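Report on one structure; see the data block that follows.
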Amino acid sequence: MKYPFELPSLNYDYKDLEPHIDAQTMEIHHTKHHQGYMNKLNAALEENLKYKETQLVELLKDVAMLPEDLAKVVRSSGGGYYNHNLFFESLTKESPMAPPKLTERIHTQFESIEVLKGQFIAKALSHFGSGWCWLVLGKDGKLSIETTVNQENPIMFDEVKVLLGVDVWEHAYYLKYQNKRADYLEAWWNVIDWDVVASRMN
Ligand code: MN3
């Protein structure tokens, strides 16, 4: 993925994730928020000839080394565009069971998917303010649950693979769930595409 970035179409309709995530939230999230991050990222790169050909993932990993003005946009809108791609890609109307390789890893480390769910939701709930909660695969092959602020992503800090992420900005749930972040997280868990999550291990 590199400049010029485009708004990816989704593999489902906005209404398909109801009742878990409502159509209006999905539409605004995709066409306003995601689109907004993308526009700002494109505008910043438009003026930076030197980085136009650089893959987004490299810009994110090397964000600390970028010129200050560009780094600021990459950290916010670059992260925003990347994170929302991950988020929307990992949703599906009929959530499949996790494939065997991923299930085995989850069982080894967390005993069961229910234990992982409990720990993941607790971590996402404990995050103060806007940000994301992630399931990350470390270089040592271990899974971990991490949070980042604003639109930051774990790849900005560590050599890890990000398997799954949930948006805990209020714009992701406020229309339907208001201040009830826990209810949103419980509902979101029902629409995770575990095939996509597992594919990110490779
Ligand atoms: Mn969002």
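Quick note on naming: the chains in the structure tokens go A, B, ... in the order shown, residues restart at 1 in each chain, and ligands are numbered from 1 in order of appearance.
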
* Using only C-alpha atoms and all ligand atoms, determine which residues fall within 6 Å of ligand 1, then list them as a PyMOL selection string. => chain A and resi 167+169+172

Since we have the selection now, will you write its residues out, keeping N, CA, C and O atoms, as a short mmCIF file (atom, residue, chain, number, x, y, z; two decimals), in the first residue's frame?
data_model
loop_
_atom_site.label_atom_id
_atom_site.label_comp_id
_atom_site.auth_asym_id
_atom_site.auth_seq_id
_atom_site.Cartn_x
_atom_site.Cartn_y
_atom_site.Cartn_z
N ASP A 167 -11.29 -0.63 17.45
CA ASP A 167 -11.32 0.82 17.57
C ASP A 167 -12.12 1.18 18.82
O ASP A 167 -13.30 0.82 18.92
N TRP A 169 -12.30 4.45 19.85
CA TRP A 169 -12.72 5.85 19.76
C TRP A 169 -14.25 5.87 19.88
O TRP A 169 -14.92 4.96 19.37
N ALA A 172 -16.67 5.04 17.01
CA ALA A 172 -16.89 3.65 16.59
C ALA A 172 -18.14 3.05 17.22
O ALA A 172 -18.61 2.00 16.78
#

Find the residues of segment 120-201 of chain A that sit at most 10 Å from segment 5-23 of chain A; for each, write down the nearest two atoms and how far apart they are in Å, to one decimal. Count only C-alpha atoms. Sort by chain, then by number going up, and give it as CSV.
residue,atom,partner,partner_atom,distance
A:Ala172,CA,A:Ile21,CA,8.8
A:Tyr173,CA,A:Ile21,CA,7.6
A:Leu175,CA,A:Asp22,CA,8.4
A:Lys176,CA,A:Asp22,CA,6.9
A:Tyr177,CA,A:Ile21,CA,9.3
A:Asp183,CA,A:His20,CA,9.3
A:Tyr184,CA,A:His20,CA,7.6
A:Leu185,CA,A:His20,CA,9.4
A:Glu186,CA,A:His20,CA,8.6
A:Ala187,CA,A:His20,CA,4.8
A:Trp188,CA,A:His20,CA,6.2
A:Trp189,CA,A:His20,CA,8.8
A:Asn190,CA,A:His20,CA,7.3
A:Val191,CA,A:Leu17,CA,6.8

* Could you work out how far atom CA of Gly138 of chain A lies from atom CA of Met156 of chain A, giving the answer in Å with one decimal? -> 13.6 Å

* Asked: Neighbours of segment 68-83 of chain A within 8 Å (only C-alpha atoms; same-chain residues fewer than 6 positions away dropped), as a ChimeraX atom specification?
  -> /A:34-35,37-38,40-41,44-45,56,59-60,150-153,165

Export of the given selection (C-alpha atoms) as a PDB file, in the first residue's frame:
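Generated file (result31.pdb):
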ATOM      1  CA  HIS A  34     -11.646   6.417   7.270  1.00  0.00           C
ATOM      2  CA  GLN A  35     -11.940   8.641   4.213  1.00  0.00           C
ATOM      3  CA  TYR A  37      -7.584   9.941   7.456  1.00  0.00           C
ATOM      4  CA  MET A  38      -6.910   8.850   3.880  1.00  0.00           C
ATOM      5  CA  LYS A  40      -5.007  13.899   4.978  1.00  0.00           C
ATOM      6  CA  LEU A  41      -2.397  11.220   4.351  1.00  0.00           C
ATOM      7  CA  ALA A  44       0.741  15.207   3.049  1.00  0.00           C
ATOM      8  CA  LEU A  45       2.471  12.818   0.642  1.00  0.00           C
ATOM      9  CA  LEU A  56       2.797   2.877   4.210  1.00  0.00           C
ATOM     10  CA  LEU A  59       6.483   4.939   6.889  1.00  0.00           C
ATOM     11  CA  LEU A  60       4.777   3.679  10.048  1.00  0.00           C
ATOM     12  CA  ASN A 150      -4.967   7.925  19.223  1.00  0.00           C
ATOM     13  CA  GLN A 151      -4.116   6.323  15.836  1.00  0.00           C
ATOM     14  CA  GLU A 152      -0.815   4.741  16.804  1.00  0.00           C
ATOM     15  CA  ASN A 153      -0.161   1.102  15.940  1.00  0.00           C
ATOM     16  CA  GLY A 165      -7.584  -4.610  16.477  1.00  0.00           C
TER      17      GLY A 165
END

* Asked: Quick one: residues within 9 Å of Met97 of chain A, only C-alpha atoms counted, chain neighbours fewer than 2 positions away excluded, as a list in words?
  ->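 The contact residues come out as Ser95, Pro99, Pro100, Thr103, Asp193, Trp194 and Asp195 of chain A.
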
* **segment 10-43 of chain A: residues DSSP assigns to alpha helix (DSSP H), reported as a PyMOL selection string** => chain A and resi 23-28+35-43

* Val168 of chain A surroundings by only C-alpha atoms, 8 Å radius, close-in-sequence under 5 positions cut, as a ChimeraX atom specification -> /A:124,130-133,173,181

How about saving the chosen residues, all heavy atoms kept, as an mmCIF file, in the first residue's frame?
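Output (result_7.cif):
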data_model
loop_
_atom_site.group_PDB
_atom_site.id
_atom_site.type_symbol
_atom_site.label_atom_id
_atom_site.label_comp_id
_atom_site.auth_asym_id
_atom_site.auth_seq_id
_atom_site.Cartn_x
_atom_site.Cartn_y
_atom_site.Cartn_z
ATOM 1 N N ALA A 124 -9.210 -3.470 26.665
ATOM 2 C CA ALA A 124 -9.806 -2.416 25.825
ATOM 3 C C ALA A 124 -10.639 -1.452 26.673
ATOM 4 O O ALA A 124 -10.681 -0.256 26.418
ATOM 5 C CB ALA A 124 -10.671 -3.050 24.732
ATOM 6 N N SER A 130 -9.310 7.970 23.604
ATOM 7 C CA SER A 130 -9.327 7.402 22.256
ATOM 8 C C SER A 130 -8.117 6.515 22.008
ATOM 9 O O SER A 130 -7.036 6.788 22.504
ATOM 10 C CB SER A 130 -9.324 8.529 21.221
ATOM 11 O OG SER A 130 -10.497 9.291 21.359
ATOM 12 N N GLY A 131 -8.325 5.465 21.232
ATOM 13 C CA GLY A 131 -7.213 4.586 20.916
ATOM 14 C C GLY A 131 -7.684 3.249 20.398
ATOM 15 O O GLY A 131 -8.830 3.117 19.934
ATOM 16 N N TRP A 132 -6.809 2.276 20.495
ATOM 17 C CA TRP A 132 -7.065 0.945 19.940
ATOM 18 C C TRP A 132 -6.573 -0.125 20.904
ATOM 19 O O TRP A 132 -5.639 0.106 21.668
ATOM 20 C CB TRP A 132 -6.307 0.783 18.609
ATOM 21 C CG TRP A 132 -6.850 1.639 17.507
ATOM 22 C CD1 TRP A 132 -6.668 2.989 17.351
ATOM 23 C CD2 TRP A 132 -7.678 1.219 16.416
ATOM 24 N NE1 TRP A 132 -7.324 3.432 16.229
ATOM 25 C CE2 TRP A 132 -7.946 2.364 15.627
ATOM 26 C CE3 TRP A 132 -8.211 -0.005 16.025
ATOM 27 C CZ2 TRP A 132 -8.729 2.307 14.473
ATOM 28 C CZ3 TRP A 132 -8.989 -0.060 14.871
ATOM 29 C CH2 TRP A 132 -9.246 1.086 14.110
ATOM 30 N N CYS A 133 -7.209 -1.303 20.800
ATOM 31 C CA CYS A 133 -6.704 -2.469 21.525
ATOM 32 C C CYS A 133 -6.392 -3.541 20.486
ATOM 33 O O CYS A 133 -7.161 -3.743 19.542
ATOM 34 C CB CYS A 133 -7.743 -2.965 22.527
ATOM 35 S SG CYS A 133 -7.129 -4.287 23.590
ATOM 36 N N TYR A 173 -18.683 3.683 18.260
ATOM 37 C CA TYR A 173 -19.816 3.044 18.946
ATOM 38 C C TYR A 173 -20.846 3.974 19.553
ATOM 39 O O TYR A 173 -21.902 3.536 20.012
ATOM 40 C CB TYR A 173 -19.293 2.096 20.033
ATOM 41 C CG TYR A 173 -18.457 2.746 21.132
ATOM 42 C CD1 TYR A 173 -19.043 3.250 22.285
ATOM 43 C CD2 TYR A 173 -17.076 2.834 21.016
ATOM 44 C CE1 TYR A 173 -18.278 3.823 23.293
ATOM 45 C CE2 TYR A 173 -16.303 3.402 22.018
ATOM 46 C CZ TYR A 173 -16.905 3.896 23.156
ATOM 47 O OH TYR A 173 -16.139 4.466 24.151
ATOM 48 N N ARG A 181 -19.057 1.272 26.478
ATOM 49 C CA ARG A 181 -17.989 0.664 25.676
ATOM 50 C C ARG A 181 -17.967 -0.858 25.833
ATOM 51 O O ARG A 181 -17.699 -1.593 24.888
ATOM 52 C CB ARG A 181 -16.627 1.263 26.064
ATOM 53 C CG ARG A 181 -15.513 0.828 25.132
ATOM 54 C CD ARG A 181 -14.122 1.226 25.646
ATOM 55 N NE ARG A 181 -13.784 2.626 25.358
ATOM 56 C CZ ARG A 181 -12.593 3.156 25.640
ATOM 57 N NH1 ARG A 181 -11.642 2.417 26.214
ATOM 58 N NH2 ARG A 181 -12.338 4.423 25.353
#

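Separating atom CA of Leu66 of chain A from atom CA of Val160 of chain A is a distance of 20.3 Å.
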
* Find the distance between atom CA of Ala122 of chain A and atom CA of Phe110 of chain A and write it in Å to one decimal. =>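 Straight-line distance from atom CA of Ala122 of chain A to atom CA of Phe110 of chain A works out to 14.1 Å.
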
* If you count only C-alpha atoms, which residues fall within 12 Å of Asn202 of chain A, apart from same-chain ones fewer than 6 positions away, as a VMD selection string? -> chain A and resid 101 to 102 137 141 160 to 163 195 to 196

Based on the selection just made, write all heavy atoms of those residues as a short mmCIF file (atom, residue, chain, number, x, y, z; two decimals), in the first residue's frame.
data_model
loop_
_atom_site.label_atom_id
_atom_site.label_comp_id
_atom_site.auth_asym_id
_atom_site.auth_seq_id
_atom_site.Cartn_x
_atom_site.Cartn_y
_atom_site.Cartn_z
N LYS A 101 -4.67 -23.67 13.61
CA LYS A 101 -3.36 -23.18 14.03
C LYS A 101 -3.47 -22.03 15.04
O LYS A 101 -2.76 -21.98 16.05
CB LYS A 101 -2.57 -22.72 12.78
CG LYS A 101 -1.09 -22.55 13.01
CD LYS A 101 -0.39 -22.15 11.70
CE LYS A 101 0.82 -21.28 12.00
NZ LYS A 101 1.23 -20.48 10.84
N LEU A 102 -4.41 -21.14 14.77
CA LEU A 102 -4.62 -20.00 15.67
C LEU A 102 -5.28 -20.47 16.97
O LEU A 102 -4.89 -20.05 18.07
CB LEU A 102 -5.48 -18.93 14.98
CG LEU A 102 -5.88 -17.72 15.82
CD1 LEU A 102 -4.67 -16.95 16.35
CD2 LEU A 102 -6.78 -16.78 15.01
N LEU A 137 1.21 -10.60 17.62
CA LEU A 137 2.09 -11.78 17.64
C LEU A 137 3.54 -11.29 17.64
O LEU A 137 3.98 -10.60 16.72
CB LEU A 137 1.82 -12.64 16.40
CG LEU A 137 2.60 -13.94 16.27
CD1 LEU A 137 2.25 -14.92 17.40
CD2 LEU A 137 2.34 -14.59 14.91
N GLY A 141 6.93 -15.57 18.95
CA GLY A 141 5.79 -16.44 18.69
C GLY A 141 4.69 -16.34 19.73
O GLY A 141 3.72 -17.08 19.70
N VAL A 160 6.49 -6.55 15.38
CA VAL A 160 5.42 -7.50 15.69
C VAL A 160 4.47 -7.61 14.50
O VAL A 160 4.49 -6.78 13.60
CB VAL A 160 4.60 -7.03 16.92
CG1 VAL A 160 5.44 -7.07 18.18
CG2 VAL A 160 4.01 -5.64 16.70
N LYS A 161 3.65 -8.66 14.57
CA LYS A 161 2.55 -8.78 13.61
C LYS A 161 1.26 -8.46 14.34
O LYS A 161 0.99 -9.02 15.40
CB LYS A 161 2.47 -10.20 13.06
CG LYS A 161 3.58 -10.52 12.06
CD LYS A 161 3.46 -11.95 11.59
CE LYS A 161 4.62 -12.28 10.65
NZ LYS A 161 4.71 -13.73 10.38
N VAL A 162 0.47 -7.57 13.77
CA VAL A 162 -0.80 -7.21 14.38
C VAL A 162 -1.88 -8.11 13.78
O VAL A 162 -2.10 -8.11 12.57
CB VAL A 162 -1.11 -5.73 14.12
CG1 VAL A 162 -2.50 -5.38 14.57
CG2 VAL A 162 -0.09 -4.86 14.84
N LEU A 163 -2.52 -8.91 14.62
CA LEU A 163 -3.50 -9.88 14.13
C LEU A 163 -4.92 -9.34 14.14
O LEU A 163 -5.72 -9.66 13.27
CB LEU A 163 -3.45 -11.16 14.98
CG LEU A 163 -2.10 -11.87 15.11
CD1 LEU A 163 -2.29 -13.18 15.89
CD2 LEU A 163 -1.47 -12.14 13.75
N ASP A 195 -10.81 -16.01 10.19
CA ASP A 195 -9.97 -16.46 9.06
C ASP A 195 -8.98 -15.36 8.68
O ASP A 195 -7.81 -15.63 8.39
CB ASP A 195 -10.84 -16.82 7.85
CG ASP A 195 -11.63 -18.10 8.08
OD1 ASP A 195 -11.14 -18.97 8.83
OD2 ASP A 195 -12.74 -18.21 7.53
N VAL A 196 -9.46 -14.12 8.67
CA VAL A 196 -8.58 -12.98 8.36
C VAL A 196 -7.52 -12.82 9.46
O VAL A 196 -6.33 -12.62 9.18
CB VAL A 196 -9.40 -11.68 8.19
CG1 VAL A 196 -8.49 -10.46 8.10
CG2 VAL A 196 -10.28 -11.77 6.95
#
